[in-house]
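Chemist: Below: one structure in structure tokens.
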Amino acid sequence: MQAVILVGGLGTRLRPITFDIPKALVPLRNEPFIGYMIDFLRAGGVDGVVLSMGYMPDPIQEYFAGREDLKDFPIHYAVEDRPLGTAGGIKNAERYLDGEPLVVVNGDVLTGTDLAKAVELHQSSDSLATITLTSVEDPTAYGLVEVDHDMLVRRFLEKPAADEVTTNLVNAGIYVLESEVLRSIPEDREVSIEREIFPDLQARGKLRAHISSSYWRDIGTPRSYLAASHDALSGAVGAPRKGFEYLDVNSSTECGKNVKILPPVSVAAGCEIGHSASIGGRTSLGNGCRVGEGAVVEGSILLDGAEIDSGAVVRGSIIGPGARVGQNAIVRGLSVLGARCVVGEGNVLDQGVRINPGVVVSPRSLSF
């Protein structure tokens with residue numbers, strides 16, 4: 001069985017990180033996210049994928065070109081010349097498919113769902129499509145999906161008010177489709193599978209649901225990306241390397257005296273951690289990061305080449321590649337720094353501040 005992975009979006013919710021990195025390649029535990037998706041699909045019985053691509057396709061293809069372990073796992077690339085939507089992106093991949101039933105997954109979903117079970121349930125039914133659903137704590141933040149006792153989809157509710165909530169089930173972004181569905185998608189225009197194709201199938205009684213209680217998270221926002229990183233670091237999802245649940249520090253890391261590293265932490269190659277620096281709270285440091293003397297990094301993601309100067313504090317935030325947090329500056333509260341930006345000495349960034357790539361925030365010019 002083949003799969004289509006939808007990775008064509010701009011990743012606007014995760015900016016400024018996705019100005020420089022396609023969402024499919026943002027790291028979790030210092031591994032590109034798309035690698036987790038491939039592992040999930042292979043474990044579910046998929047034997048080849050088509051990446052439906054649009055925004056920044058080249059870095060994704062370069063990543064797979066370097067994956068020697070996937071030489072026997074066919075990967076094709078269907079690149080859009082303009083946005084085609086979720087269904088249009090699937091249609092654009094049709095030339096690489098074999099005409100058999102297929103799996104489709106959104107490219108920003110981290111999950112432990114039993115994909116093989118979803119496929120089995122679909123094959124045992126007369127449905128043209130099976131959509132995986134998962135439950136959420138806050139149903140008002142999502143579009144909801146009602147089902148009946150036979151697992152037929154009854155209706156869709158788009159982000160209802162609290163008094164309109166009738167279910168806590170949401171679309172998990174994992175589908176099993178018959179080839180008939182693919183053939184029904186119009187060509188050469190933007191088409192949404194959620195707003196056009198699925199409602200039509202529901203009206204015909206041909207859309208069923210598979211409800212999963214396994215781990216699931218959409219990594220598309222800074223909050224959810226940081227939470228997904230925490231989960232991957234703690235071993236809640238993915239297959240951690242042996243001993244990783246305690247500590248994972250690359251052997252090339254240079255650590256000064258009295259450095260305190262609290263697990264679970266992932267420290268990639270070429271990092272420098274200064275004298276008396278503290279790292280902890282489910283933190284991930286990318287290749288070549290530098291943490292200066294007396295600095296504190298906790299519960300955060302530092303992408304490749306990020307620098308934290310002496311005395312600085314980073315808590316619960318995302319620091320983009322090559323960005324620098326100046327001496328005694330504080331970055332906290334789900335703040336996000338784009339690539340190569342600089343936060344000057346003594347500044348305090350809080351409350352979800354986002355700094356675009358290359359911006360220099362002068363000393364004490366920004367404080368909360």
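Ligands are numbered from 1 in the order shown, residues from 1 within each chain, and chains are lettered A, B, ... in the order they appear in the structure tokens.
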Quick one: everything within 7 Å of range 265-280 of chain A, counting only C-alpha atoms, minus sequence neighbours fewer than 4 positions away in the same chain. Send it as a CSV table (one decimal) with C-alpha atoms, in the first residue's frame.

Modeler:
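Saved the output as selection18.csv:
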chain,number,residue,atom,x,y,z
A,29,ARG,CA,14.9,15.1,19.5
A,30,ASN,CA,17.3,16.5,16.8
A,233,LEU,CA,12.3,13.8,24.7
A,247,LEU,CA,20.3,11.6,28.8
A,248,ASP,CA,21.5,11.9,25.2
A,249,VAL,CA,24.6,14.1,24.9
A,250,ASN,CA,26.8,13.8,21.8
A,252,SER,CA,31.7,15.8,20.6
A,253,THR,CA,30.0,18.2,23.0
A,254,GLU,CA,32.4,20.4,25.0
A,255,CYS,CA,31.3,20.9,28.6
A,256,GLY,CA,33.0,23.3,31.0
A,257,LYS,CA,33.5,22.6,34.7
A,258,ASN,CA,30.5,22.5,37.0
A,259,VAL,CA,28.0,22.1,34.1
A,260,LYS,CA,24.7,20.8,35.2
A,261,ILE,CA,22.7,18.8,32.6
A,284,SER,CA,16.8,20.0,22.8
A,285,LEU,CA,20.1,21.6,21.5
A,286,GLY,CA,20.8,21.3,17.8
A,287,ASN,CA,24.2,21.0,16.0
A,288,GLY,CA,26.8,23.6,17.0
A,289,CYS,CA,24.8,25.4,19.7
A,290,ARG,CA,26.7,27.3,22.3
A,291,VAL,CA,25.6,28.0,25.8
A,292,GLY,CA,27.7,30.5,27.7
A,293,GLU,CA,28.9,30.6,31.3
A,294,GLY,CA,26.2,30.9,33.9
A,295,ALA,CA,23.4,30.7,31.3
A,296,VAL,CA,20.2,28.7,31.9
A,297,VAL,CA,18.3,26.8,29.2
A,298,GLU,CA,15.1,25.0,30.3
A,299,GLY,CA,12.2,23.4,28.5

Chemist: Show which residues sit within 12 Å of Ala24 in chain A, as JSON, numbers by chain. Count only C-alpha atoms, and ignore same-chain residues fewer than 4 positions away.

Modeler: {"A": [5, 6, 7, 8, 9, 10, 11, 14, 17, 18, 20, 28, 31, 32, 33, 34, 35, 36, 37, 38, 51, 52, 53, 54, 55, 56, 57, 58, 59, 60, 61, 63, 64, 106, 107, 108, 109, 110, 218, 219, 220, 225]}

Chemist: Might you pull out every residue within 8 Å of range 181-194 of chain A, with only C-alpha atoms counted and same-chain residues fewer than 2 positions away left off, and present them as number ranges by chain?

Modeler: A: 83-88, 90-92, 94, 128-129, 177-179, 196-199

Chemist: Write a file of the just-selected residues containing C-alpha atoms, as a PDB file, in the first residue's frame.

Modeler:
ATOM      1  CA  PRO A  83      -1.362  25.879  -4.017  1.00  0.00           C
ATOM      2  CA  LEU A  84      -3.850  23.090  -4.722  1.00  0.00           C
ATOM      3  CA  GLY A  85      -5.323  22.447  -1.276  1.00  0.00           C
ATOM      4  CA  THR A  86      -5.423  19.132   0.555  1.00  0.00           C
ATOM      5  CA  ALA A  87      -7.438  17.200  -2.047  1.00  0.00           C
ATOM      6  CA  GLY A  88      -5.727  18.964  -4.948  1.00  0.00           C
ATOM      7  CA  ILE A  90      -3.485  14.305  -3.440  1.00  0.00           C
ATOM      8  CA  LYS A  91      -4.700  14.587  -7.030  1.00  0.00           C
ATOM      9  CA  ASN A  92      -1.348  16.052  -8.051  1.00  0.00           C
ATOM     10  CA  GLU A  94      -1.894  10.568  -8.741  1.00  0.00           C
ATOM     11  CA  LEU A 128     -14.956   4.800   0.126  1.00  0.00           C
ATOM     12  CA  ALA A 129     -12.979   6.624   2.811  1.00  0.00           C
ATOM     13  CA  LEU A 177      -9.076   6.194   0.573  1.00  0.00           C
ATOM     14  CA  GLU A 178     -10.317   4.075  -2.271  1.00  0.00           C
ATOM     15  CA  SER A 179      -8.975   5.020  -5.700  1.00  0.00           C
ATOM     16  CA  GLU A 196     -15.547  19.442  -0.433  1.00  0.00           C
ATOM     17  CA  ILE A 197     -14.742  15.744  -0.741  1.00  0.00           C
ATOM     18  CA  PHE A 198     -15.582  14.428   2.735  1.00  0.00           C
ATOM     19  CA  PRO A 199     -18.983  16.201   3.044  1.00  0.00           C
TER      20      PRO A 199
END

Chemist: Find the residue from A:Leu349, A:Leu303, A:Ile174, A:Val361 that sits nearest to Ile21 in chain A; use only C-alpha atoms when measuring.

Modeler: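 Looking at the shortest contact to Ile21 in chain A, the residue is A:Leu303.
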